[in-house]
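Peer 1: To be precise about what I am sending: the file is called start.cif and holds mmCIF, C-alpha atoms.
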data_query
loop_
_atom_site.group_PDB
_atom_site.id
_atom_site.type_symbol
_atom_site.label_atom_id
_atom_site.label_comp_id
_atom_site.auth_asym_id
_atom_site.auth_seq_id
_atom_site.Cartn_x
_atom_site.Cartn_y
_atom_site.Cartn_z
ATOM 1 C CA MET A 1 11.627 4.586 3.905
ATOM 2 C CA PRO A 2 11.015 0.828 4.277
ATOM 3 C CA VAL A 3 7.724 -0.180 5.815
ATOM 4 C CA ASP A 4 7.893 -1.586 9.328
ATOM 5 C CA GLU A 5 6.163 -4.962 9.371
ATOM 6 C CA ASP A 6 4.529 -3.979 12.660
ATOM 7 C CA HIS A 7 3.165 -0.630 11.494
ATOM 8 C CA ASP A 8 -0.491 0.178 12.081
ATOM 9 C CA ARG A 9 -2.958 -1.089 9.541
ATOM 10 C CA ALA A 10 -4.857 1.562 7.673
ATOM 11 C CA ALA A 11 -8.532 2.100 8.369
ATOM 12 C CA LEU A 12 -9.840 1.193 4.939
ATOM 13 C CA LEU A 13 -12.825 2.928 3.427
ATOM 14 C CA GLY A 14 -16.214 1.242 3.495
ATOM 15 C CA PRO A 15 -19.414 2.105 1.597
ATOM 16 C CA ASN A 16 -20.495 4.738 4.113
ATOM 17 C CA GLN A 17 -17.105 6.434 4.213
ATOM 18 C CA VAL A 18 -16.888 6.513 0.408
ATOM 19 C CA ARG A 19 -20.293 8.171 0.106
ATOM 20 C CA GLU A 20 -19.573 10.612 2.933
ATOM 21 C CA LEU A 21 -16.288 11.665 1.368
ATOM 22 C CA ALA A 22 -17.878 12.067 -2.044
ATOM 23 C CA ALA A 23 -20.702 14.151 -0.597
ATOM 24 C CA ARG A 24 -18.319 16.372 1.348
ATOM 25 C CA LEU A 25 -16.283 17.009 -1.791
ATOM 26 C CA SER A 26 -19.377 17.352 -3.980
ATOM 27 C CA VAL A 27 -17.889 14.603 -6.137
ATOM 28 C CA ARG A 28 -20.215 13.062 -8.672
ATOM 29 C CA PRO A 29 -18.479 10.156 -10.440
ATOM 30 C CA THR A 30 -18.305 10.810 -14.162
ATOM 31 C CA LYS A 31 -18.226 8.497 -17.157
ATOM 32 C CA THR A 32 -15.788 10.916 -18.796
ATOM 33 C CA LEU A 33 -13.140 10.078 -16.198
ATOM 34 C CA GLY A 34 -14.258 6.456 -15.894
ATOM 35 C CA GLN A 35 -14.809 6.832 -12.155
ATOM 36 C CA ASN A 36 -16.108 3.907 -10.106
ATOM 37 C CA PHE A 37 -14.857 3.860 -6.523
ATOM 38 C CA VAL A 38 -14.075 0.591 -4.727
ATOM 39 C CA HIS A 39 -15.600 0.443 -1.247
ATOM 40 C CA ASP A 40 -14.983 -3.173 -0.219
ATOM 41 C CA ALA A 41 -11.987 -3.793 2.049
ATOM 42 C CA ASN A 42 -11.725 -7.468 1.114
ATOM 43 C CA THR A 43 -11.457 -6.549 -2.569
ATOM 44 C CA VAL A 44 -8.765 -3.984 -1.806
ATOM 45 C CA ARG A 45 -6.725 -6.491 0.181
ATOM 46 C CA ARG A 46 -7.215 -9.083 -2.561
ATOM 47 C CA ILE A 47 -5.846 -6.706 -5.200
ATOM 48 C CA VAL A 48 -2.843 -5.874 -3.030
ATOM 49 C CA ALA A 49 -2.194 -9.560 -2.347
ATOM 50 C CA SER A 50 -2.415 -10.354 -6.073
ATOM 51 C CA ALA A 51 0.614 -8.160 -6.701
ATOM 52 C CA ASP A 52 2.923 -10.015 -4.255
ATOM 53 C CA LEU A 53 4.325 -6.708 -3.115
ATOM 54 C CA ASP A 54 7.445 -6.375 -1.019
ATOM 55 C CA ALA A 55 7.984 -3.922 1.826
ATOM 56 C CA SER A 56 10.693 -2.251 -0.262
ATOM 57 C CA ASP A 57 8.450 -1.663 -3.296
ATOM 58 C CA THR A 58 7.401 1.723 -4.606
ATOM 59 C CA VAL A 59 3.998 1.508 -6.272
ATOM 60 C CA ILE A 60 2.504 3.824 -8.838
ATOM 61 C CA GLU A 61 -1.287 3.946 -8.631
ATOM 62 C CA VAL A 62 -3.392 5.576 -11.347
ATOM 63 C CA GLY A 63 -6.792 7.043 -10.529
ATOM 64 C CA PRO A 64 -6.733 6.625 -6.733
ATOM 65 C CA GLY A 65 -10.074 8.402 -6.462
ATOM 66 C CA LEU A 66 -11.133 8.629 -2.830
ATOM 67 C CA GLY A 67 -8.228 6.477 -1.657
ATOM 68 C CA SER A 68 -9.625 2.995 -1.042
ATOM 69 C CA LEU A 69 -6.817 1.132 -2.803
ATOM 70 C CA THR A 70 -4.208 3.715 -1.810
ATOM 71 C CA LEU A 71 -4.737 2.919 1.855
ATOM 72 C CA GLY A 72 -4.385 -0.803 1.218
ATOM 73 C CA LEU A 73 -1.197 -0.299 -0.762
ATOM 74 C CA LEU A 74 0.385 1.900 1.892
ATOM 75 C CA GLU A 75 0.070 -0.970 4.359
ATOM 76 C CA ALA A 76 2.241 -3.171 2.164
ATOM 77 C CA VAL A 77 4.945 -1.052 0.539
ATOM 78 C CA ALA A 78 7.562 1.586 1.155
ATOM 79 C CA ALA A 79 5.901 4.290 -0.917
ATOM 80 C CA VAL A 80 2.908 5.001 -3.143
ATOM 81 C CA ILE A 81 2.911 7.516 -5.984
ATOM 82 C CA ALA A 82 -0.717 8.299 -6.787
ATOM 83 C CA VAL A 83 -1.530 9.929 -10.124
ATOM 84 C CA GLU A 84 -4.930 11.644 -10.061
ATOM 85 C CA ILE A 85 -6.378 13.802 -12.845
ATOM 86 C CA ASP A 86 -9.325 15.175 -10.824
ATOM 87 C CA PRO A 87 -8.107 18.226 -8.797
ATOM 88 C CA PRO A 88 -10.529 17.917 -5.834
ATOM 89 C CA LEU A 89 -9.680 14.234 -5.436
ATOM 90 C CA ALA A 90 -5.947 14.893 -5.736
ATOM 91 C CA ARG A 91 -6.118 17.570 -3.041
ATOM 92 C CA GLN A 92 -8.194 15.434 -0.672
ATOM 93 C CA LEU A 93 -6.154 12.222 -0.866
ATOM 94 C CA PRO A 94 -3.286 13.261 1.480
ATOM 95 C CA ALA A 95 -5.825 14.390 4.085
ATOM 96 C CA THR A 96 -7.718 11.105 3.847
ATOM 97 C CA VAL A 97 -4.521 9.120 4.327
ATOM 98 C CA THR A 98 -3.424 11.310 7.228
ATOM 99 C CA ASP A 99 -6.799 10.759 8.879
ATOM 100 C CA ARG A 100 -7.022 7.004 8.359
ATOM 101 C CA ALA A 101 -3.350 5.950 8.340
ATOM 102 C CA PRO A 102 -1.364 8.738 10.040
ATOM 103 C CA THR A 103 1.828 6.711 10.412
ATOM 104 C CA LEU A 104 1.883 6.027 6.666
ATOM 105 C CA ALA A 105 0.993 9.468 5.311
ATOM 106 C CA GLN A 106 4.642 10.390 4.787
ATOM 107 C CA ASN A 107 4.945 7.523 2.313
ATOM 108 C CA LEU A 108 2.401 8.994 -0.118
ATOM 109 C CA THR A 109 3.153 11.298 -3.053
ATOM 110 C CA VAL A 110 0.236 12.673 -5.065
ATOM 111 C CA ILE A 111 0.759 13.879 -8.617
ATOM 112 C CA GLU A 112 -2.129 15.816 -10.125
ATOM 113 C CA SER A 113 -1.865 14.866 -13.782
ATOM 114 C CA ASP A 114 -3.273 12.921 -16.687
ATOM 115 C CA ALA A 115 -1.610 9.496 -16.512
ATOM 116 C CA LEU A 116 -1.246 9.513 -20.298
ATOM 117 C CA GLN A 117 1.059 12.531 -19.936
ATOM 118 C CA VAL A 118 3.145 11.251 -17.024
ATOM 119 C CA THR A 119 6.811 10.537 -17.714
ATOM 120 C CA ALA A 120 9.500 8.976 -15.569
ATOM 121 C CA ALA A 121 10.944 12.461 -15.017
ATOM 122 C CA ASP A 122 7.713 13.531 -13.291
ATOM 123 C CA LEU A 123 8.099 10.957 -10.526
ATOM 124 C CA PRO A 124 10.185 11.345 -7.356
ATOM 125 C CA THR A 125 11.592 7.829 -7.749
ATOM 126 C CA ALA A 126 11.320 4.917 -10.147
ATOM 127 C CA PRO A 127 8.349 2.716 -9.196
ATOM 128 C CA THR A 128 8.849 -1.035 -9.047
ATOM 129 C CA ALA A 129 5.158 -1.938 -9.317
ATOM 130 C CA LEU A 130 2.004 -0.622 -10.956
ATOM 131 C CA VAL A 131 -1.225 -1.398 -9.111
ATOM 132 C CA ALA A 132 -4.428 0.395 -10.026
ATOM 133 C CA ASN A 133 -8.146 0.381 -10.626
ATOM 134 C CA LEU A 134 -7.702 1.915 -14.061
ATOM 135 C CA PRO A 135 -10.307 4.270 -15.510
ATOM 136 C CA TYR A 136 -12.134 1.929 -17.861
ATOM 137 C CA ASN A 137 -12.417 4.343 -20.772
ATOM 138 C CA VAL A 138 -8.631 4.709 -21.129
ATOM 139 C CA ALA A 139 -7.366 1.556 -19.423
ATOM 140 C CA VAL A 140 -5.339 0.051 -22.271
ATOM 141 C CA PRO A 141 -3.681 3.301 -23.453
ATOM 142 C CA VAL A 142 -2.726 4.189 -19.866
ATOM 143 C CA LEU A 143 -1.383 0.703 -19.178
ATOM 144 C CA LEU A 144 0.760 0.580 -22.314
ATOM 145 C CA HIS A 145 2.004 4.142 -21.834
ATOM 146 C CA LEU A 146 3.180 3.485 -18.282
ATOM 147 C CA LEU A 147 4.781 0.137 -19.104
ATOM 148 C CA ALA A 148 6.772 1.859 -21.841
ATOM 149 C CA GLU A 149 7.637 4.872 -19.708
ATOM 150 C CA LEU A 150 8.575 3.018 -16.495
ATOM 151 C CA PRO A 151 10.942 0.128 -17.276
ATOM 152 C CA ALA A 152 11.749 -0.437 -13.596
ATOM 153 C CA VAL A 153 8.201 -1.732 -12.990
ATOM 154 C CA ARG A 154 8.527 -5.459 -12.344
ATOM 155 C CA THR A 155 4.944 -6.312 -11.437
ATOM 156 C CA THR A 156 1.677 -4.887 -12.690
ATOM 157 C CA VAL A 157 -1.786 -5.682 -11.364
ATOM 158 C CA VAL A 158 -4.634 -3.655 -12.802
ATOM 159 C CA MET A 159 -8.389 -3.857 -12.515
ATOM 160 C CA VAL A 160 -10.141 -3.245 -15.808
ATOM 161 C CA GLN A 161 -13.434 -4.053 -17.484
ATOM 162 C CA LEU A 162 -13.775 -7.843 -17.679
ATOM 163 C CA GLU A 163 -13.868 -7.843 -21.472
ATOM 164 C CA VAL A 164 -10.619 -5.855 -21.546
ATOM 165 C CA ALA A 165 -9.023 -8.227 -19.034
ATOM 166 C CA GLU A 166 -9.921 -11.157 -21.266
ATOM 167 C CA ARG A 167 -8.459 -9.437 -24.309
ATOM 168 C CA LEU A 168 -5.238 -8.520 -22.557
ATOM 169 C CA ALA A 169 -4.701 -12.095 -21.388
ATOM 170 C CA ALA A 170 -5.904 -13.820 -24.580
ATOM 171 C CA GLU A 171 -3.611 -16.320 -26.287
ATOM 172 C CA PRO A 172 -2.964 -16.503 -30.058
ATOM 173 C CA GLY A 173 -5.603 -18.300 -32.067
ATOM 174 C CA GLY A 174 -8.657 -16.994 -30.271
ATOM 175 C CA ARG A 175 -11.313 -14.587 -31.448
ATOM 176 C CA ILE A 176 -10.515 -11.994 -28.768
ATOM 177 C CA TYR A 177 -6.748 -12.108 -29.254
ATOM 178 C CA GLY A 178 -5.683 -8.817 -30.752
ATOM 179 C CA VAL A 179 -3.695 -5.616 -30.416
ATOM 180 C CA PRO A 180 -3.884 -5.299 -26.583
ATOM 181 C CA SER A 181 -2.944 -8.978 -26.184
ATOM 182 C CA VAL A 182 0.217 -8.634 -28.253
ATOM 183 C CA LYS A 183 1.331 -5.243 -26.972
ATOM 184 C CA ALA A 184 0.963 -6.246 -23.313
ATOM 185 C CA ARG A 185 3.113 -9.330 -23.975
ATOM 186 C CA TYR A 186 5.810 -7.133 -25.441
ATOM 187 C CA PHE A 187 6.508 -6.019 -21.862
ATOM 188 C CA GLY A 188 6.050 -9.249 -19.923
ATOM 189 C CA GLN A 189 4.079 -12.394 -19.175
ATOM 190 C CA VAL A 190 0.347 -11.704 -18.931
ATOM 191 C CA ARG A 191 -2.318 -13.636 -17.065
ATOM 192 C CA ARG A 192 -5.736 -13.184 -15.534
ATOM 193 C CA ALA A 193 -5.702 -12.701 -11.776
ATOM 194 C CA GLY A 194 -9.406 -13.117 -11.074
ATOM 195 C CA SER A 195 -12.764 -11.436 -11.551
ATOM 196 C CA VAL A 196 -14.408 -8.667 -9.518
ATOM 197 C CA GLY A 197 -18.157 -8.279 -9.107
ATOM 198 C CA ARG A 198 -20.044 -5.052 -9.626
ATOM 199 C CA SER A 199 -21.293 -4.710 -6.044
ATOM 200 C CA VAL A 200 -17.916 -3.623 -4.637
ATOM 201 C CA PHE A 201 -18.081 -0.316 -6.535
ATOM 202 C CA TRP A 202 -19.881 2.970 -6.106
ATOM 203 C CA PRO A 203 -21.585 3.789 -8.313
ATOM 204 C CA VAL A 204 -22.311 0.222 -9.405
ATOM 205 C CA PRO A 205 -20.991 -0.167 -12.981
ATOM 206 C CA LYS A 206 -22.952 -1.899 -15.713
ATOM 207 C CA VAL A 207 -20.099 -4.301 -16.424
ATOM 208 C CA GLU A 208 -18.079 -6.882 -14.532
ATOM 209 C CA SER A 209 -14.409 -6.249 -13.820
ATOM 210 C CA GLY A 210 -11.290 -8.365 -13.958
ATOM 211 C CA LEU A 211 -7.748 -8.319 -12.631
ATOM 212 C CA VAL A 212 -4.779 -8.703 -14.956
ATOM 213 C CA ARG A 213 -1.220 -9.342 -13.838
ATOM 214 C CA ILE A 214 1.855 -8.625 -15.959
ATOM 215 C CA ASP A 215 5.270 -9.814 -14.822
ATOM 216 C CA ALA A 216 8.086 -8.034 -16.601
ATOM 217 C CA TYR A 217 10.644 -10.241 -18.301
ATOM 218 C CA ALA A 218 13.784 -10.669 -16.194
ATOM 219 C CA ARG A 219 15.604 -9.977 -19.448
ATOM 220 C CA SER A 220 13.591 -8.924 -22.450
ATOM 221 C CA PRO A 221 13.540 -11.661 -25.126
ATOM 222 C CA TRP A 222 14.098 -8.837 -27.628
ATOM 223 C CA ALA A 223 16.949 -7.200 -25.725
ATOM 224 C CA ASP A 224 19.327 -7.494 -28.682
ATOM 225 C CA GLY A 225 16.905 -5.753 -31.016
ATOM 226 C CA ILE A 226 16.264 -3.045 -28.437
ATOM 227 C CA ALA A 227 20.010 -2.514 -28.024
ATOM 228 C CA ALA A 228 20.444 -2.230 -31.786
ATOM 229 C CA MET A 229 17.479 0.064 -32.469
ATOM 230 C CA GLY A 230 16.905 1.845 -29.170
ATOM 231 C CA ALA A 231 13.976 1.117 -26.862
ATOM 232 C CA GLN A 232 11.561 3.680 -28.265
ATOM 233 C CA GLU A 233 12.276 2.939 -31.910
ATOM 234 C CA HIS A 234 12.093 -0.820 -31.391
ATOM 235 C CA ARG A 235 8.755 -0.569 -29.627
ATOM 236 C CA ARG A 236 7.417 1.791 -32.291
ATOM 237 C CA ALA A 237 8.482 -0.613 -35.054
ATOM 238 C CA VAL A 238 6.892 -3.635 -33.412
ATOM 239 C CA PHE A 239 3.662 -1.847 -32.568
ATOM 240 C CA ALA A 240 3.366 -0.552 -36.127
ATOM 241 C CA VAL A 241 3.366 -4.133 -37.437
ATOM 242 C CA VAL A 242 0.828 -5.194 -34.808
ATOM 243 C CA ASP A 243 -1.520 -2.321 -35.656
ATOM 244 C CA ALA A 244 -1.292 -3.079 -39.370
ATOM 245 C CA ALA A 245 -1.877 -6.800 -38.918
ATOM 246 C CA PHE A 246 -5.069 -6.330 -36.914
ATOM 247 C CA ALA A 247 -6.455 -3.341 -38.798
ATOM 248 C CA GLN A 248 -7.825 -5.867 -41.282
ATOM 249 C CA ARG A 249 -7.781 -8.984 -39.167
ATOM 250 C CA ARG A 250 -9.790 -11.119 -41.616
ATOM 251 C CA LYS A 251 -7.119 -10.711 -44.247
ATOM 252 C CA THR A 252 -3.965 -12.784 -44.523
ATOM 253 C CA LEU A 253 -0.814 -11.149 -43.261
ATOM 254 C CA ARG A 254 0.419 -10.842 -46.835
ATOM 255 C CA ALA A 255 -2.560 -8.629 -47.651
ATOM 256 C CA ALA A 256 -2.930 -6.889 -44.291
ATOM 257 C CA LEU A 257 0.721 -5.832 -44.207
ATOM 258 C CA ALA A 258 0.910 -4.619 -47.809
ATOM 259 C CA GLY A 259 0.625 -0.979 -46.777
ATOM 260 C CA TRP A 260 3.151 -1.393 -43.974
ATOM 261 C CA ALA A 261 5.717 -3.125 -46.202
ATOM 262 C CA GLY A 262 5.069 -1.129 -49.360
ATOM 263 C CA SER A 263 3.346 -3.875 -51.332
ATOM 264 C CA ALA A 264 1.909 -7.339 -50.863
ATOM 265 C CA ALA A 265 4.973 -8.852 -52.533
ATOM 266 C CA ARG A 266 7.336 -7.055 -50.161
ATOM 267 C CA ALA A 267 5.176 -8.063 -47.225
ATOM 268 C CA GLU A 268 5.500 -11.685 -48.286
ATOM 269 C CA GLU A 269 9.269 -11.344 -48.565
ATOM 270 C CA ARG A 270 9.542 -10.002 -45.047
ATOM 271 C CA LEU A 271 7.129 -12.584 -43.659
ATOM 272 C CA ARG A 272 9.117 -15.437 -45.197
ATOM 273 C CA ALA A 273 12.378 -13.899 -43.970
ATOM 274 C CA ALA A 274 10.920 -13.911 -40.464
ATOM 275 C CA GLY A 275 9.775 -17.530 -40.802
ATOM 276 C CA ILE A 276 6.060 -16.659 -40.856
ATOM 277 C CA ASP A 277 3.503 -18.145 -43.244
ATOM 278 C CA PRO A 278 2.222 -15.264 -45.427
ATOM 279 C CA SER A 279 -1.216 -16.884 -45.513
ATOM 280 C CA ALA A 280 -1.524 -16.739 -41.713
ATOM 281 C CA ARG A 281 -3.619 -14.077 -40.012
ATOM 282 C CA GLY A 282 -2.548 -11.756 -37.240
ATOM 283 C CA GLU A 283 -4.568 -13.609 -34.641
ATOM 284 C CA GLN A 284 -2.544 -16.780 -35.283
ATOM 285 C CA ILE A 285 0.928 -15.524 -34.398
ATOM 286 C CA GLY A 286 2.544 -14.496 -31.138
ATOM 287 C CA VAL A 287 4.450 -11.450 -29.964
ATOM 288 C CA ALA A 288 7.826 -13.045 -30.756
ATOM 289 C CA ASP A 289 6.719 -13.426 -34.382
ATOM 290 C CA PHE A 290 5.717 -9.775 -34.581
ATOM 291 C CA VAL A 291 9.046 -8.728 -33.078
ATOM 292 C CA ARG A 292 10.989 -10.891 -35.514
ATOM 293 C CA LEU A 293 8.998 -9.440 -38.403
ATOM 294 C CA ALA A 294 9.626 -5.860 -37.271
ATOM 295 C CA GLU A 295 13.337 -6.578 -37.024
ATOM 296 C CA THR A 296 13.669 -7.968 -40.567
ATOM 297 C CA ALA A 297 15.379 -5.598 -42.956
ATOM 298 C CA PRO A 298 12.986 -3.797 -45.333
#
Taking this structure as input, can you express it in the form of structure tokens?

Peer 2:
Amino acid sequence: MPVDEDHDRAALLGPNQVRELAARLSVRPTKTLGQNFVHDANTVRRIVASADLDASDTVIEVGPGLGSLTLGLLEAVAAVIAVEIDPPLARQLPATVTDRAPTLAQNLTVIESDALQVTAADLPTAPTALVANLPYNVAVPVLLHLLAELPAVRTTVVMVQLEVAERLAAEPGGRIYGVPSVKARYFGQVRRAGSVGRSVFWPVPKVESGLVRIDAYARSPWADGIAAMGAQEHRRAVFAVVDAAFAQRRKTLRAALAGWAGSAARAEERLRAAGIDPSARGEQIGVADFVRLAETAP
């Protein structure tokens, strides 16, 4: 159901409401689940605005917690699919939305599950956007899993630990450019979308946070390879090269990829066939180079 532009705005959660809800549910945020709840309305609206959402969008949100971001998203889109691993939080979320945004409650679906286990078949419809305050301890695996599993997602905006945000958005040639940087770019264009201070969370984390935006390619630059190999096999092949290249990042690609290719000599052959200098290191080449290398015949 499309969102009426004149629908009521949700009553977003503030610090007092977050603590009251947590106390009522006997929720004690745990490091195991990476739980830090946003309680600042301006931050919520900023995250939603960063995603440039349309009233026809369906958003998947991971780790909605007490519902701060969920309420902000429901104001902007047709539907929100919230994936929550914590049973008490999953059960409470519909009630919170009904209480604070009654006209929008019908647009919420809650799935009680581990996001790393969620597949497209588990969802009522294909989401067009991913917007979430990701649990920091599993942020990158969850992000990459959902991008692979949900190809209809056009826009992704996630809040992660600042260091992770910097790594995801890092360009080739830098010290922090690595596996997350390359794998995120396999799915789309990646950029930083701002920083978030610690004071907007409860409990206050020990680290700063950052927003990352990923815009899916209108047509994947590796569409031909995907068509030839199949999406899953192509992605697996590319990611295997990336993992091997950065497992020993101080080594040249010729040496680092010896195990992957079968020998250093065969690695050099494949590198030269892909137009890559065998003496380069993984941190010096971009995602297109890794794709080209994965697609070269063994």

Peer 1: Quick one: of A:Arg213, A:Ile285, A:Glu208, A:Ala245, who's nearest to Ala169 in chain A, counting only C-alpha atoms?

Peer 2: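 Closest to Ala169 in chain A of all the choices is A:Arg213.
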
Peer 1: Translate the PyMOL selection byres ((chain A and resi 18) around 9) into a concrete residue list for this structure, as a list in words.

Peer 2: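 When the PyMOL selection byres ((chain A and resi 18) around 9) is applied, the selected residues are Leu13, Gly14, Pro15, Asn16, Gln17, Arg19, Glu20, Leu21, Ala22, Ala23, Phe37, Val38, His39, Leu66, Gly67, Ser68 and Trp202 of chain A.
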
Peer 1: Write out as a ChimeraX atom specification each polymer residue whose atoms come within 8 Å of Leu162 in chain A, counting all atoms listed in the file; drop sequence neighbours fewer than 5 positions from it.

Peer 2: /A:195,207-211

Peer 1: Selection from above, C-alpha atoms, as a tab-separated table (two decimals), keeping the file's coordinate frame, can you write it?

Peer 2:
chain	number	residue	atom	x	y	z
A	195	SER	CA	-12.76	-11.44	-11.55
A	207	VAL	CA	-20.10	-4.30	-16.42
A	208	GLU	CA	-18.08	-6.88	-14.53
A	209	SER	CA	-14.41	-6.25	-13.82
A	210	GLY	CA	-11.29	-8.36	-13.96
A	211	LEU	CA	-7.75	-8.32	-12.63

Peer 1: Selected by the PyMOL selection byres ((chain A and resi 142) around 12) in the shown coordinates: which residues, as an MDAnalysis selection string?

Peer 2: chainID A and resid 61:63 83 114:119 130 132:141 143:150 158 160 180 184

Peer 1: Between A:Val48, A:Ala231, A:Pro102, A:Ala120, which has the minimum distance to Ile81 in chain A (counting all atoms listed in the file)?

Peer 2: A:Ala120

Peer 1: Could you tell me which of A:Val59, A:Ala274, A:Ala101, A:Ala267 comes closest to Ala10 in chain A if we count all atoms listed in the file?

Peer 2: A:Ala101

Peer 1: Please write as a VMD selection string the full residue list that the PyMOL selection byres ((chain A and resi 260) around 9) yields on this file.

Peer 2: chain A and resid 240 to 241 244 to 245 256 to 259 261 to 263 267

Peer 1: Let me make sure I understand: among A:Thr252, A:Thr156, A:Ser279, A:Gln92, which one has the smallest atom-to-atom distance to Ala49 in chain A if we use only C-alpha atoms?

Peer 2: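 Closest to Ala49 in chain A, using only C-alpha atoms: A:Thr156.
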
Peer 1: For a test of reading the model, state the distance in Å between CA of Arg46 in chain A and CA of Ala95 in chain A, rounded to one decimal.

Peer 2: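 Answer for the CA of Arg46 in chain A to CA of Ala95 in chain A separation: 24.4 Å.
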
Peer 1: Between CA of Gly275 in chain A and CA of Ala255 in chain A, what is the distance, to one decimal in Å?

Peer 2: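 Taking CA of Gly275 in chain A and CA of Ala255 in chain A, their separation equals 16.7 Å.
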
Peer 1: Would you mind telling me which residue in A:Ala90, A:Val97, A:Val200, A:Ile60 lies nearest to Asn36 in chain A when using only C-alpha atoms?

Peer 2: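 The shortest atom-to-atom distance to Asn36 in chain A comes from A:Val200.
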
Peer 1: Expressed in Å to a single decimal, how great is the separation between CA of Asp215 in chain A and CA of Phe187 in chain A?

Peer 2: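 For CA of Asp215 in chain A relative to CA of Phe187 in chain A, the distance reads 8.1 Å.
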